[in-house]
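Source file: my_file_36.pdb; contents: PDB, C-alpha atoms, pLDDT in the B column.
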ATOM      1  CA  MET A   1      -0.001  12.135  17.012  1.00 89.00           C
ATOM      2  CA  ILE A   2      -0.734  11.960  13.274  1.00 96.00           C
ATOM      3  CA  LYS A   3      -2.611  14.941  11.865  1.00 98.00           C
ATOM      4  CA  LEU A   4      -4.830  15.015   8.785  1.00 98.00           C
ATOM      5  CA  GLN A   5      -4.642  18.123   6.613  1.00 98.00           C
ATOM      6  CA  LYS A   6      -6.435  19.052   3.395  1.00 98.00           C
ATOM      7  CA  ALA A   7      -3.824  19.643   0.698  1.00 98.00           C
ATOM      8  CA  ASP A   8      -3.515  22.661  -1.539  1.00 97.00           C
ATOM      9  CA  VAL A   9      -1.423  23.265  -4.667  1.00 97.00           C
ATOM     10  CA  GLY A  10       1.557  24.238  -2.509  1.00 98.00           C
ATOM     11  CA  ASP A  11       1.685  20.639  -1.284  1.00 98.00           C
ATOM     12  CA  ALA A  12       2.238  19.119  -4.739  1.00 98.00           C
ATOM     13  CA  ALA A  13       5.977  18.527  -4.248  1.00 98.00           C
ATOM     14  CA  THR A  14       5.358  16.931  -0.850  1.00 98.00           C
ATOM     15  CA  ILE A  15       2.806  14.593  -2.405  1.00 98.00           C
ATOM     16  CA  ALA A  16       5.140  13.693  -5.268  1.00 98.00           C
ATOM     17  CA  ARG A  17       8.012  12.965  -2.835  1.00 98.00           C
ATOM     18  CA  THR A  18       5.761  10.879  -0.596  1.00 98.00           C
ATOM     19  CA  ARG A  19       4.545   8.876  -3.611  1.00 98.00           C
ATOM     20  CA  GLN A  20       8.148   8.243  -4.595  1.00 98.00           C
ATOM     21  CA  GLN A  21       8.934   6.882  -1.121  1.00 98.00           C
ATOM     22  CA  VAL A  22       5.855   4.655  -1.030  1.00 97.00           C
ATOM     23  CA  TRP A  23       6.527   3.321  -4.520  1.00 97.00           C
ATOM     24  CA  GLN A  24      10.104   2.464  -3.508  1.00 96.00           C
ATOM     25  CA  GLN A  25       8.796   0.588  -0.453  1.00 96.00           C
ATOM     26  CA  THR A  26       5.872  -1.127  -2.149  1.00 96.00           C
ATOM     27  CA  TYR A  27       6.315  -1.672  -5.860  1.00 95.00           C
ATOM     28  CA  ARG A  28       9.840  -3.039  -6.375  1.00 94.00           C
ATOM     29  CA  GLY A  29       9.299  -6.189  -8.447  1.00 94.00           C
ATOM     30  CA  ILE A  30       5.867  -4.985  -9.586  1.00 94.00           C
ATOM     31  CA  TYR A  31       6.781  -1.772 -11.385  1.00 94.00           C
ATOM     32  CA  PRO A  32       9.753  -1.745 -13.756  1.00 94.00           C
ATOM     33  CA  ASP A  33      12.944  -0.743 -11.926  1.00 95.00           C
ATOM     34  CA  ALA A  34      13.344   2.235 -14.267  1.00 94.00           C
ATOM     35  CA  LYS A  35       9.966   3.639 -13.183  1.00 94.00           C
ATOM     36  CA  LEU A  36      11.184   3.595  -9.589  1.00 95.00           C
ATOM     37  CA  ASP A  37      14.833   4.478 -10.118  1.00 96.00           C
ATOM     38  CA  ASP A  38      14.181   7.265 -12.640  1.00 96.00           C
ATOM     39  CA  TYR A  39      11.135   8.743 -10.887  1.00 97.00           C
ATOM     40  CA  ASP A  40      10.672  12.256 -12.299  1.00 97.00           C
ATOM     41  CA  LEU A  41       9.885  14.364  -9.245  1.00 97.00           C
ATOM     42  CA  THR A  42       9.410  17.524 -11.331  1.00 98.00           C
ATOM     43  CA  LEU A  43       6.942  15.849 -13.682  1.00 98.00           C
ATOM     44  CA  TYR A  44       4.906  14.280 -10.882  1.00 98.00           C
ATOM     45  CA  THR A  45       4.901  17.529  -8.906  1.00 98.00           C
ATOM     46  CA  GLU A  46       3.411  19.368 -11.872  1.00 98.00           C
ATOM     47  CA  GLN A  47       0.842  16.630 -12.521  1.00 97.00           C
ATOM     48  CA  ASP A  48      -0.173  16.716  -8.857  1.00 97.00           C
ATOM     49  CA  ARG A  49      -0.360  20.519  -8.861  1.00 98.00           C
ATOM     50  CA  ILE A  50      -2.820  20.385 -11.784  1.00 98.00           C
ATOM     51  CA  LYS A  51      -4.960  17.698 -10.138  1.00 97.00           C
ATOM     52  CA  ILE A  52      -5.036  19.469  -6.767  1.00 98.00           C
ATOM     53  CA  ALA A  53      -6.065  22.726  -8.470  1.00 98.00           C
ATOM     54  CA  ASP A  54      -9.099  20.939  -9.937  1.00 98.00           C
ATOM     55  CA  SER A  55     -11.867  21.385  -7.357  1.00 97.00           C
ATOM     56  CA  THR A  56     -13.374  17.973  -8.202  1.00 97.00           C
ATOM     57  CA  ASN A  57     -10.276  16.306  -6.696  1.00 98.00           C
ATOM     58  CA  HIS A  58      -9.794  16.145  -2.928  1.00 98.00           C
ATOM     59  CA  TYR A  59      -6.292  15.574  -1.533  1.00 98.00           C
ATOM     60  CA  PHE A  60      -5.378  15.038   2.116  1.00 98.00           C
ATOM     61  CA  LEU A  61      -2.004  14.630   3.821  1.00 98.00           C
ATOM     62  CA  PHE A  62      -1.046  12.700   6.945  1.00 98.00           C
ATOM     63  CA  TRP A  63       1.592  14.494   9.032  1.00 98.00           C
ATOM     64  CA  ASP A  64       3.731  13.215  11.881  1.00 98.00           C
ATOM     65  CA  GLU A  65       5.000  16.543  13.184  1.00 96.00           C
ATOM     66  CA  ASP A  66       6.676  18.030  10.072  1.00 95.00           C
ATOM     67  CA  VAL A  67       7.014  14.778   8.097  1.00 97.00           C
ATOM     68  CA  CYS A  68       4.412  13.742   5.535  1.00 98.00           C
ATOM     69  CA  VAL A  69       3.816  10.031   6.166  1.00 98.00           C
ATOM     70  CA  GLY A  70       1.107   9.478   3.586  1.00 98.00           C
ATOM     71  CA  TYR A  71      -1.699  10.959   1.575  1.00 98.00           C
ATOM     72  CA  PHE A  72      -4.919  10.056  -0.143  1.00 98.00           C
ATOM     73  CA  SER A  73      -7.096  11.575  -2.819  1.00 98.00           C
ATOM     74  CA  PHE A  74     -10.549  11.015  -4.185  1.00 98.00           C
ATOM     75  CA  GLY A  75     -12.739  12.448  -6.916  1.00 98.00           C
ATOM     76  CA  PRO A  76     -13.383  11.460 -10.520  1.00 97.00           C
ATOM     77  CA  TYR A  77     -11.390   8.424 -11.678  1.00 96.00           C
ATOM     78  CA  HIS A  78      -8.043   9.529 -13.113  1.00 93.00           C
ATOM     79  CA  TYR A  79      -8.032   6.683 -15.652  1.00 90.00           C
ATOM     80  CA  GLY A  80     -11.263   7.034 -17.570  1.00 88.00           C
ATOM     81  CA  SER A  81     -14.430   5.505 -16.199  1.00 92.00           C
ATOM     82  CA  TYR A  82     -15.558   2.495 -14.216  1.00 95.00           C
ATOM     83  CA  LYS A  83     -19.110   1.167 -14.567  1.00 95.00           C
ATOM     84  CA  ASP A  84     -21.569   3.807 -13.315  1.00 95.00           C
ATOM     85  CA  PHE A  85     -19.321   5.005 -10.484  1.00 96.00           C
ATOM     86  CA  TYR A  86     -18.341   8.636 -10.204  1.00 94.00           C
ATOM     87  CA  LEU A  87     -16.272   8.807  -7.023  1.00 98.00           C
ATOM     88  CA  CYS A  88     -12.905   7.048  -6.852  1.00 98.00           C
ATOM     89  CA  ILE A  89     -10.121   6.744  -4.316  1.00 98.00           C
ATOM     90  CA  ASN A  90      -7.326   7.664  -6.697  1.00 98.00           C
ATOM     91  CA  HIS A  91      -4.502   7.429  -4.157  1.00 98.00           C
ATOM     92  CA  LEU A  92      -4.039   5.919  -0.730  1.00 98.00           C
ATOM     93  CA  TYR A  93      -0.329   5.868   0.013  1.00 98.00           C
ATOM     94  CA  ILE A  94       1.083   5.413   3.494  1.00 98.00           C
ATOM     95  CA  LEU A  95       4.732   4.905   4.421  1.00 98.00           C
ATOM     96  CA  ASP A  96       5.555   1.446   5.778  1.00 96.00           C
ATOM     97  CA  GLY A  97       6.240   2.555   9.339  1.00 95.00           C
ATOM     98  CA  TYR A  98       2.753   4.070   9.565  1.00 97.00           C
ATOM     99  CA  LYS A  99       0.645   1.265   8.130  1.00 96.00           C
ATOM    100  CA  GLY A 100      -1.645  -0.480  10.584  1.00 94.00           C
ATOM    101  CA  ARG A 101      -2.087   2.656  12.677  1.00 96.00           C
ATOM    102  CA  GLY A 102      -5.565   3.622  11.507  1.00 97.00           C
ATOM    103  CA  LEU A 103      -4.615   6.040   8.719  1.00 98.00           C
ATOM    104  CA  GLY A 104      -6.390   3.983   6.060  1.00 98.00           C
ATOM    105  CA  ARG A 105      -9.504   3.904   8.256  1.00 98.00           C
ATOM    106  CA  CYS A 106      -9.221   7.685   8.669  1.00 98.00           C
ATOM    107  CA  ALA A 107      -9.089   8.074   4.879  1.00 98.00           C
ATOM    108  CA  PHE A 108     -12.199   5.920   4.508  1.00 98.00           C
ATOM    109  CA  ASP A 109     -14.013   7.864   7.218  1.00 98.00           C
ATOM    110  CA  THR A 110     -13.222  11.104   5.363  1.00 98.00           C
ATOM    111  CA  ILE A 111     -14.481   9.699   2.051  1.00 98.00           C
ATOM    112  CA  ILE A 112     -17.625   8.246   3.616  1.00 97.00           C
ATOM    113  CA  GLU A 113     -18.413  11.582   5.281  1.00 97.00           C
ATOM    114  CA  TYR A 114     -17.951  13.312   1.912  1.00 98.00           C
ATOM    115  CA  CYS A 115     -20.314  10.789   0.289  1.00 97.00           C
ATOM    116  CA  ARG A 116     -22.959  11.442   2.927  1.00 96.00           C
ATOM    117  CA  GLN A 117     -22.664  15.215   2.505  1.00 96.00           C
ATOM    118  CA  GLU A 118     -22.930  14.895  -1.268  1.00 96.00           C
ATOM    119  CA  GLY A 119     -25.722  12.306  -1.265  1.00 95.00           C
ATOM    120  CA  ARG A 120     -23.570   9.571  -2.818  1.00 96.00           C
ATOM    121  CA  ASN A 121     -24.065   5.947  -1.837  1.00 96.00           C
ATOM    122  CA  LYS A 122     -21.004   4.327  -3.394  1.00 97.00           C
ATOM    123  CA  PHE A 123     -17.403   4.795  -4.438  1.00 98.00           C
ATOM    124  CA  PHE A 124     -14.626   2.586  -5.756  1.00 98.00           C
ATOM    125  CA  CYS A 125     -10.884   2.258  -6.082  1.00 98.00           C
ATOM    126  CA  GLY A 126      -8.387   0.598  -8.362  1.00 96.00           C
ATOM    127  CA  CYS A 127      -5.639  -1.486  -6.807  1.00 95.00           C
ATOM    128  CA  ASN A 128      -2.645  -3.308  -8.193  1.00 96.00           C
ATOM    129  CA  ALA A 129      -3.496  -6.996  -7.800  1.00 96.00           C
ATOM    130  CA  ASN A 130       0.140  -7.763  -6.966  1.00 96.00           C
ATOM    131  CA  ASN A 131       0.069  -5.445  -3.939  1.00 96.00           C
ATOM    132  CA  LEU A 132      -1.362  -8.118  -1.659  1.00 96.00           C
ATOM    133  CA  PRO A 133      -1.430  -6.013   1.535  1.00 96.00           C
ATOM    134  CA  ALA A 134      -3.504  -3.346  -0.257  1.00 97.00           C
ATOM    135  CA  VAL A 135      -5.843  -5.985  -1.699  1.00 97.00           C
ATOM    136  CA  ALA A 136      -6.350  -7.393   1.805  1.00 97.00           C
ATOM    137  CA  PHE A 137      -6.928  -3.904   3.225  1.00 98.00           C
ATOM    138  CA  TYR A 138      -9.634  -3.032   0.683  1.00 98.00           C
ATOM    139  CA  ARG A 139     -11.369  -6.349   1.327  1.00 97.00           C
ATOM    140  CA  HIS A 140     -11.160  -5.700   5.079  1.00 97.00           C
ATOM    141  CA  MET A 141     -12.781  -2.304   4.520  1.00 97.00           C
ATOM    142  CA  GLY A 142     -15.747  -4.008   2.863  1.00 97.00           C
ATOM    143  CA  GLY A 143     -14.661  -3.709  -0.750  1.00 98.00           C
ATOM    144  CA  ILE A 144     -16.370  -5.975  -3.222  1.00 97.00           C
ATOM    145  CA  GLN A 145     -14.088  -7.003  -6.045  1.00 96.00           C
ATOM    146  CA  GLY A 146     -15.687  -5.756  -9.238  1.00 95.00           C
ATOM    147  CA  ASP A 147     -13.388  -7.262 -11.837  1.00 91.00           C
ATOM    148  CA  MET A 148     -10.311  -9.386 -12.386  1.00 88.00           C
ATOM    149  CA  PRO A 149      -6.968  -8.006 -13.524  1.00 91.00           C
ATOM    150  CA  ASP A 150      -5.940  -8.458 -17.137  1.00 92.00           C
ATOM    151  CA  ILE A 151      -2.851 -10.628 -16.597  1.00 91.00           C
ATOM    152  CA  SER A 152      -1.863 -10.304 -20.253  1.00 94.00           C
ATOM    153  CA  LEU A 153      -0.686  -6.797 -19.310  1.00 94.00           C
ATOM    154  CA  PRO A 154       2.587  -6.017 -17.496  1.00 93.00           C
ATOM    155  CA  ALA A 155       2.459  -6.560 -13.693  1.00 94.00           C
ATOM    156  CA  GLU A 156       2.302  -2.807 -13.053  1.00 94.00           C
ATOM    157  CA  ASP A 157      -1.054  -2.731 -14.898  1.00 94.00           C
ATOM    158  CA  HIS A 158      -2.730  -5.666 -13.114  1.00 96.00           C
ATOM    159  CA  THR A 159      -5.559  -3.537 -11.765  1.00 95.00           C
ATOM    160  CA  ILE A 160      -8.572  -4.789  -9.884  1.00 96.00           C
ATOM    161  CA  HIS A 161     -11.390  -2.545  -8.771  1.00 97.00           C
ATOM    162  CA  PHE A 162     -13.077  -2.637  -5.407  1.00 98.00           C
ATOM    163  CA  GLU A 163     -16.577  -1.286  -4.963  1.00 98.00           C
ATOM    164  CA  PHE A 164     -17.831   0.200  -1.701  1.00 98.00           C
ATOM    165  CA  TYR A 165     -21.520   0.691  -0.933  1.00 97.00           C
ATOM    166  CA  LEU A 166     -22.812   2.817   1.900  1.00 96.00           C
ATOM    167  CA  GLY A 167     -26.154   1.027   2.003  1.00 79.00           C
ATOM    168  CA  GLU A 168     -28.151   4.223   1.933  1.00 58.00           C
TER     169      GLU A 168
END
Output the file's structure in the form of structure tokens.
Amino acid sequence: MIKLQKADVGDAATIARTRQQVWQQTYRGIYPDAKLDDYDLTLYTEQDRIKIADSTNHYFLFWDEDVCVGYFSFGPYHYGSYKDFYLCINHLYILDGYKGRGLGRCAFDTIIEYCRQEGRNKFFCGCNANNLPAVAFYRHMGGIQGDMPDISLPAEDHTIHFEFYLGE
């Protein structure tokens, strides 16, 4: 049974390690090899600790017993702004063996419940256009593609945004 747990600053290293695993599984051939092979766990742990400590960011972990099998976060966009949207899914990373088991749906349910509690009627996410399973997942979840990736940039920066409307 997979459990969902709200993260705190003490979980920063777990989040950084989980990201490293997901990147290794997902982004080889999209991200430069050096970004994957020379992943700086200490740097990412500190960056995550700072973001988790900021009360506008919301981080959640998926646990299978004592193994973190994924995480997601939402809050203000970590990369500037996007249209008139405030709330962004900044991370949704799930290990390969756990994809297709409803964890992404659980993340969406959590975000939608937060939106309802806060009186928000929309949110968005950025997604690497070369990560075709993620693109398909966001479309399946009702995402409306808001822009096209700038293909003049390196593949790791081919970002498309998906918009989600609660219809309220």
- In terms of the shortest atom-to-atom distance over all atoms listed in the file, which of A:Arg120, A:His161, A:His58, A:Arg17 is closest to Met148 (chain A)? A:His161
- In Å, rounded to a single decimal, give me how far CA of Arg28 (chain A) is from CA of Glu156 (chain A). 10.1 Å
- Task: Up to 12 Å from (-12.1, 16.5, -6.4) in the file's coordinates: name the residues, counting only C-alpha atoms, as an MDAnalysis selection string.
- Result: chainID A and resid 6:8 50:60 72:78 86:90 111 114
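Remark: for Phe164 (chain A), the closest of the candidate residues A:Ala16, A:Ala136, A:Ala129, A:Ile112 is A:Ile112 (distances computed over only C-alpha atoms).
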Set the distance at 10 Å and use all atoms listed in the file: which residues neighbour Tyr71 (chain A) once local chain neighbours fewer than 4 positions away are removed? I'd like the list as a CSV table (one decimal) with C-alpha atoms, in the coordinates of the input.
chain,number,residue,atom,x,y,z
A,4,LEU,CA,-4.8,15.0,8.8
A,5,GLN,CA,-4.6,18.1,6.6
A,6,LYS,CA,-6.4,19.1,3.4
A,7,ALA,CA,-3.8,19.6,0.7
A,14,THR,CA,5.4,16.9,-0.8
A,15,ILE,CA,2.8,14.6,-2.4
A,18,THR,CA,5.8,10.9,-0.6
A,19,ARG,CA,4.5,8.9,-3.6
A,59,TYR,CA,-6.3,15.6,-1.5
A,60,PHE,CA,-5.4,15.0,2.1
A,61,LEU,CA,-2.0,14.6,3.8
A,62,PHE,CA,-1.0,12.7,6.9
A,63,TRP,CA,1.6,14.5,9.0
A,91,HIS,CA,-4.5,7.4,-4.2
A,92,LEU,CA,-4.0,5.9,-0.7
A,93,TYR,CA,-0.3,5.9,0.0
A,94,ILE,CA,1.1,5.4,3.5
A,95,LEU,CA,4.7,4.9,4.4
A,103,LEU,CA,-4.6,6.0,8.7
A,104,GLY,CA,-6.4,4.0,6.1
A,107,ALA,CA,-9.1,8.1,4.9
